[in-house]
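Source file work33.pdb; content: PDB, C-alpha atoms, pLDDT in the B column.
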```pdb
ATOM      1  CA  MET V   1      10.370  -6.177 -10.847  1.00 97.00           C
ATOM      2  CA  ARG V   2       7.117  -4.312 -10.591  1.00 97.00           C
ATOM      3  CA  ALA V   3       6.307  -0.647 -10.673  1.00 98.00           C
ATOM      4  CA  LEU V   4       3.183   1.403 -10.385  1.00 98.00           C
ATOM      5  CA  VAL V   5       3.653   4.634 -12.315  1.00 98.00           C
ATOM      6  CA  GLN V   6       1.492   7.677 -11.673  1.00 98.00           C
ATOM      7  CA  ARG V   7       1.620  10.833 -13.768  1.00 97.00           C
ATOM      8  CA  VAL V   8       1.546  13.655 -11.240  1.00 97.00           C
ATOM      9  CA  ARG V   9       1.299  17.418 -11.084  1.00 95.00           C
ATOM     10  CA  ARG V  10       3.274  17.202  -7.855  1.00 96.00           C
ATOM     11  CA  ALA V  11       4.238  14.585  -5.292  1.00 97.00           C
ATOM     12  CA  ARG V  12       6.261  14.305  -2.120  1.00 98.00           C
ATOM     13  CA  VAL V  13       7.375  11.757   0.437  1.00 98.00           C
ATOM     14  CA  VAL V  14       7.374  12.558   4.145  1.00 98.00           C
ATOM     15  CA  VAL V  15       9.217  10.560   6.814  1.00 98.00           C
ATOM     16  CA  ALA V  16       8.920  11.546  10.486  1.00 97.00           C
ATOM     17  CA  ASP V  17       7.304  14.862   9.541  1.00 98.00           C
ATOM     18  CA  LYS V  18      10.196  15.757   7.194  1.00 98.00           C
ATOM     19  CA  THR V  19       9.937  15.947   3.391  1.00 98.00           C
ATOM     20  CA  VAL V  20      12.614  13.618   2.002  1.00 98.00           C
ATOM     21  CA  GLY V  21      11.699  13.748  -1.695  1.00 98.00           C
ATOM     22  CA  GLU V  22       9.555  16.070  -3.770  1.00 97.00           C
ATOM     23  CA  ILE V  23       8.824  16.776  -7.442  1.00 96.00           C
ATOM     24  CA  ASP V  24       6.545  18.985  -9.450  1.00 94.00           C
ATOM     25  CA  GLN V  25       5.196  17.605 -12.735  1.00 94.00           C
ATOM     26  CA  GLY V  26       6.537  14.156 -13.524  1.00 96.00           C
ATOM     27  CA  LEU V  27       6.195  10.549 -12.438  1.00 98.00           C
ATOM     28  CA  LEU V  28       5.697   9.010  -9.022  1.00 98.00           C
ATOM     29  CA  VAL V  29       7.149   5.506  -9.343  1.00 98.00           C
ATOM     30  CA  LEU V  30       6.380   2.882  -6.705  1.00 98.00           C
ATOM     31  CA  VAL V  31       8.942   0.074  -7.178  1.00 98.00           C
ATOM     32  CA  CYS V  32       9.025  -3.518  -5.905  1.00 98.00           C
ATOM     33  CA  ALA V  33      11.791  -6.061  -6.329  1.00 98.00           C
ATOM     34  CA  GLU V  34      10.593  -9.654  -6.428  1.00 97.00           C
ATOM     35  CA  GLN V  35      12.396 -12.921  -5.764  1.00 96.00           C
ATOM     36  CA  GLY V  36      14.668 -13.809  -8.672  1.00 95.00           C
ATOM     37  CA  ASP V  37      14.988 -10.233  -9.921  1.00 96.00           C
ATOM     38  CA  THR V  38      18.426  -8.999 -10.942  1.00 96.00           C
ATOM     39  CA  GLU V  39      19.962  -5.817 -12.266  1.00 97.00           C
ATOM     40  CA  VAL V  40      18.855  -6.976 -15.738  1.00 97.00           C
ATOM     41  CA  GLN V  41      15.190  -6.607 -14.714  1.00 97.00           C
ATOM     42  CA  ALA V  42      15.953  -3.250 -13.076  1.00 98.00           C
ATOM     43  CA  ASP V  43      17.560  -1.977 -16.287  1.00 98.00           C
ATOM     44  CA  LYS V  44      14.623  -3.162 -18.411  1.00 97.00           C
ATOM     45  CA  LEU V  45      12.103  -1.590 -16.047  1.00 98.00           C
ATOM     46  CA  LEU V  46      13.954   1.735 -16.051  1.00 98.00           C
ATOM     47  CA  SER V  47      14.204   1.740 -19.833  1.00 97.00           C
ATOM     48  CA  LYS V  48      10.469   1.105 -20.150  1.00 97.00           C
ATOM     49  CA  LEU V  49       9.682   3.761 -17.547  1.00 98.00           C
ATOM     50  CA  LEU V  50      11.770   6.475 -19.194  1.00 97.00           C
ATOM     51  CA  LYS V  51      10.240   5.793 -22.630  1.00 96.00           C
ATOM     52  CA  LEU V  52       6.636   5.374 -21.448  1.00 97.00           C
ATOM     53  CA  ARG V  53       4.582   7.849 -23.484  1.00 97.00           C
ATOM     54  CA  ILE V  54       1.992   9.100 -21.016  1.00 96.00           C
ATOM     55  CA  PHE V  55       2.382  12.879 -21.246  1.00 94.00           C
ATOM     56  CA  SER V  56       0.291  14.919 -23.651  1.00 91.00           C
ATOM     57  CA  ASP V  57       1.677  16.350 -26.864  1.00 89.00           C
ATOM     58  CA  ALA V  58       0.452  19.596 -28.488  1.00 89.00           C
ATOM     59  CA  GLN V  59      -2.667  17.779 -29.752  1.00 95.00           C
ATOM     60  CA  GLY V  60      -3.528  16.465 -26.285  1.00 91.00           C
ATOM     61  CA  LYS V  61      -2.592  12.838 -27.065  1.00 95.00           C
ATOM     62  CA  MET V  62      -0.468  10.779 -24.683  1.00 95.00           C
ATOM     63  CA  ASN V  63       2.549  10.717 -26.949  1.00 95.00           C
ATOM     64  CA  ARG V  64       5.425  12.033 -24.843  1.00 94.00           C
ATOM     65  CA  SER V  65       7.719  10.456 -22.284  1.00 95.00           C
ATOM     66  CA  VAL V  66       9.248  11.962 -19.154  1.00 94.00           C
ATOM     67  CA  GLN V  67      12.522  12.111 -21.079  1.00 91.00           C
ATOM     68  CA  ASP V  68      10.856  14.018 -23.929  1.00 89.00           C
ATOM     69  CA  MET V  69       9.794  16.626 -21.384  1.00 83.00           C
ATOM     70  CA  ASP V  70      13.293  16.769 -19.941  1.00 61.00           C
ATOM     71  CA  GLY V  71      14.812  17.247 -23.393  1.00 57.00           C
ATOM     72  CA  GLU V  72      12.615  20.305 -23.980  1.00 61.00           C
ATOM     73  CA  GLY V  73      13.721  22.002 -20.796  1.00 55.00           C
ATOM     74  CA  ARG V  74      10.355  21.311 -19.134  1.00 63.00           C
ATOM     75  CA  GLN V  75      10.419  19.859 -15.667  1.00 69.00           C
ATOM     76  CA  GLY V  76       9.748  16.131 -15.697  1.00 88.00           C
ATOM     77  CA  GLY V  77      10.886  14.693 -12.400  1.00 95.00           C
ATOM     78  CA  LEU V  78      10.942  11.146 -11.079  1.00 97.00           C
ATOM     79  CA  LEU V  79      10.008  10.400  -7.479  1.00 98.00           C
ATOM     80  CA  ILE V  80      11.009   6.774  -6.847  1.00 98.00           C
ATOM     81  CA  VAL V  81       9.588   5.064  -3.761  1.00 98.00           C
ATOM     82  CA  SER V  82      10.200   1.497  -2.573  1.00 98.00           C
ATOM     83  CA  GLN V  83       6.896  -0.392  -2.219  1.00 97.00           C
ATOM     84  CA  PHE V  84       7.203  -4.102  -1.378  1.00 97.00           C
ATOM     85  CA  THR V  85       3.408  -4.396  -1.072  1.00 97.00           C
ATOM     86  CA  LEU V  86       3.170  -4.391  -4.895  1.00 98.00           C
ATOM     87  CA  ALA V  87       4.123  -8.073  -4.583  1.00 97.00           C
ATOM     88  CA  ALA V  88       0.951  -8.782  -2.591  1.00 97.00           C
ATOM     89  CA  ASP V  89      -0.834 -12.065  -3.334  1.00 96.00           C
ATOM     90  CA  THR V  90      -4.453 -12.109  -2.188  1.00 95.00           C
ATOM     91  CA  SER V  91      -5.467 -15.346  -3.893  1.00 95.00           C
ATOM     92  CA  GLY V  92      -5.354 -17.304  -0.618  1.00 92.00           C
ATOM     93  CA  GLY V  93      -7.767 -15.159   1.360  1.00 91.00           C
ATOM     94  CA  ASN V  94      -8.184 -11.678   2.703  1.00 95.00           C
ATOM     95  CA  ARG V  95      -4.756 -11.249   4.277  1.00 96.00           C
ATOM     96  CA  PRO V  96      -2.116 -10.486   1.625  1.00 97.00           C
ATOM     97  CA  SER V  97       0.957 -12.658   1.353  1.00 96.00           C
ATOM     98  CA  PHE V  98       4.235 -11.035   0.350  1.00 97.00           C
ATOM     99  CA  LYS V  99       6.121 -14.279  -0.301  1.00 96.00           C
ATOM    100  CA  ASP V 100       7.088 -13.164  -3.813  1.00 96.00           C
ATOM    101  CA  ALA V 101       8.766  -9.950  -2.622  1.00 97.00           C
ATOM    102  CA  ALA V 102      12.556  -9.972  -2.562  1.00 97.00           C
ATOM    103  CA  ALA V 103      14.204 -10.377   0.833  1.00 97.00           C
ATOM    104  CA  PRO V 104      14.902  -6.967   2.437  1.00 97.00           C
ATOM    105  CA  ASP V 105      18.666  -6.931   1.702  1.00 97.00           C
ATOM    106  CA  GLU V 106      18.112  -8.016  -1.897  1.00 97.00           C
ATOM    107  CA  GLY V 107      15.245  -5.550  -2.306  1.00 98.00           C
ATOM    108  CA  ARG V 108      17.346  -2.679  -0.960  1.00 98.00           C
ATOM    109  CA  SER V 109      20.231  -3.557  -3.257  1.00 98.00           C
ATOM    110  CA  LEU V 110      18.004  -3.607  -6.356  1.00 98.00           C
ATOM    111  CA  TYR V 111      16.172  -0.440  -5.303  1.00 98.00           C
ATOM    112  CA  ASP V 112      19.495   1.376  -4.769  1.00 98.00           C
ATOM    113  CA  TYR V 113      20.735   0.126  -8.140  1.00 98.00           C
ATOM    114  CA  PHE V 114      17.510   1.254  -9.859  1.00 98.00           C
ATOM    115  CA  VAL V 115      17.772   4.730  -8.321  1.00 98.00           C
ATOM    116  CA  ALA V 116      21.468   5.054  -9.213  1.00 98.00           C
ATOM    117  CA  GLN V 117      20.764   4.095 -12.837  1.00 98.00           C
ATOM    118  CA  ALA V 118      17.821   6.518 -12.952  1.00 98.00           C
ATOM    119  CA  ARG V 119      20.104   9.330 -11.765  1.00 97.00           C
ATOM    120  CA  VAL V 120      22.536   8.559 -14.574  1.00 97.00           C
ATOM    121  CA  ALA V 121      19.761   8.576 -17.189  1.00 95.00           C
ATOM    122  CA  HIS V 122      17.556  11.436 -15.964  1.00 94.00           C
ATOM    123  CA  THR V 123      18.216  14.899 -14.576  1.00 91.00           C
ATOM    124  CA  GLU V 124      15.723  15.098 -11.705  1.00 94.00           C
ATOM    125  CA  VAL V 125      15.377  12.054  -9.470  1.00 97.00           C
ATOM    126  CA  GLN V 126      14.063  12.176  -5.913  1.00 98.00           C
ATOM    127  CA  THR V 127      13.391   9.224  -3.607  1.00 98.00           C
ATOM    128  CA  GLY V 128      11.698   7.994  -0.512  1.00 98.00           C
ATOM    129  CA  VAL V 129      13.549   6.080   2.219  1.00 98.00           C
ATOM    130  CA  PHE V 130      13.791   2.312   1.812  1.00 97.00           C
ATOM    131  CA  ALA V 131      11.828   0.378   4.482  1.00 96.00           C
ATOM    132  CA  ALA V 132      10.716   3.566   6.251  1.00 97.00           C
ATOM    133  CA  ASP V 133       7.189   4.399   7.319  1.00 97.00           C
ATOM    134  CA  MET V 134       6.457   6.944   4.587  1.00 98.00           C
ATOM    135  CA  GLN V 135       3.548   9.192   3.782  1.00 98.00           C
ATOM    136  CA  VAL V 136       3.233   9.767   0.049  1.00 98.00           C
ATOM    137  CA  GLU V 137       1.267  12.789  -1.084  1.00 98.00           C
ATOM    138  CA  LEU V 138       0.395  13.332  -4.723  1.00 98.00           C
ATOM    139  CA  VAL V 139      -1.848  15.113  -7.140  1.00 98.00           C
ATOM    140  CA  ASN V 140      -2.478  12.525  -9.838  1.00 96.00           C
ATOM    141  CA  ASP V 141      -2.662  14.134 -13.278  1.00 96.00           C
ATOM    142  CA  GLY V 142      -5.430  12.693 -15.432  1.00 94.00           C
ATOM    143  CA  PRO V 143      -5.582  10.437 -13.483  1.00 95.00           C
ATOM    144  CA  VAL V 144      -3.001   8.317 -15.258  1.00 97.00           C
ATOM    145  CA  THR V 145      -1.792   5.204 -13.393  1.00 97.00           C
ATOM    146  CA  ILE V 146       0.118   2.461 -15.243  1.00 98.00           C
ATOM    147  CA  PRO V 147       1.349  -0.864 -13.824  1.00 98.00           C
ATOM    148  CA  LEU V 148       4.662  -2.138 -15.223  1.00 98.00           C
ATOM    149  CA  ARG V 149       6.270  -5.534 -14.699  1.00 96.00           C
ATOM    150  CA  VAL V 150       9.487  -7.108 -15.921  1.00 94.00           C
ATOM    151  CA  VAL V 151       9.885 -10.782 -15.080  1.00 88.00           C
ATOM    152  CA  PRO V 152      13.121 -12.789 -14.899  1.00 80.00           C
ATOM    153  CA  ALA V 153      13.856 -15.027 -17.854  1.00 74.00           C
ATOM    154  CA  PRO V 154      13.048 -18.709 -17.145  1.00 72.00           C
TER
END
```
With the file now loaded, output its structure as structure tokens.
Amino acid sequence: MRALVQRVRRARVVVADKTVGEIDQGLLVLVCAEQGDTEVQADKLLSKLLKLRIFSDAQGKMNRSVQDMDGEGRQGGLLIVSQFTLAADTSGGNRPSFKDAAAPDEGRSLYDYFVAQARVAHTEVQTGVFAADMQVELVNDGPVTIPLRVVPAP
């Protein structure tokens, strides 16, 4: 599984002119399931995401995770959005191939599982709509943008 994590001051997802998910300070997480991914990869990705130390501590160093913020009573939301285009392969030319992305049913199942596990582990979780035409608005904080990837065991 792949994710692109952006530290944000605020972010929201709009579908058909309606806001379907919105957070203030926290993480916008674009998530992609790839062929061969299982719930094991989803669990590892979520664990890494929740522990990723990309928020500033009192000295201004990136030393705090979204869960650290949550534990202090500060708002640290997650906005999780499905994004199959993270699996893009452009090595064969100028038109991206998405052959490594999970099939839609498999991708939806893993995305739903990832979101459900995130809701168990974290207090504020918002989402986009799987396979919808979404507009994602954000104010990137820093900017801080981190790619994450968990690959299936051989």
Residue IDs satisfying the PyMOL selection byres ((chain V and resi 30) around 8), as a PyMOL selection string
chain V and resi 3-5+28-29+31-32+80-83
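Nearest residue to Asp24 (chain V) among V:Ala102, V:Leu138, V:Gln117, V:Val151 is V:Leu138, counting all atoms listed in the file.
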I'd like the contact shell of Phe84 (chain V) - 12 Å cut-off, all atoms listed in the file, skipping same-chain residues fewer than 2 positions apart - returned as a count of residues only.
33
Starting from 3 Å padding per side, set up an axis-aligned box that covers all listed atoms of region 133-144 of chain V and hand over centre and edge lengths in Å, one decimal, as AutoDock Vina command-line options.
```
--center_x 0.8 --center_y 9.8 --center_z -4.1 --size_x 18.8 --size_y 16.7 --size_z 28.8
```
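Rounded to one decimal, CA of Leu45 (chain V) and CA of Val115 (chain V) lie 11.5 Å from each other.
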The PyMOL selection byres ((chain V and resi 76) around 12) on the file shown: which residues, as a ChimeraX atom specification?
/V:7-11,22-28,50,54-55,64-75,77-79,122-126
Within 8 Å of (4.7, 9.4, -1.0) (file coordinates; only C-alpha atoms), which protein or nucleic acid residues are there? I'd like them as number ranges by chain.
V: 11-14, 81, 128, 134-138
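Using only C-alpha atoms, the smallest distance between any of V:Val15, V:Leu46, V:Val150, V:Val40 and Phe114 (chain V) comes from V:Leu46.
CA of Arg149 (chain V) lies 23.4 Å from CA of Gly93 (chain V).
The two atoms in question, CA of Asn94 (chain V) and CA of Val129 (chain V), are spaced 28.1 Å apart.
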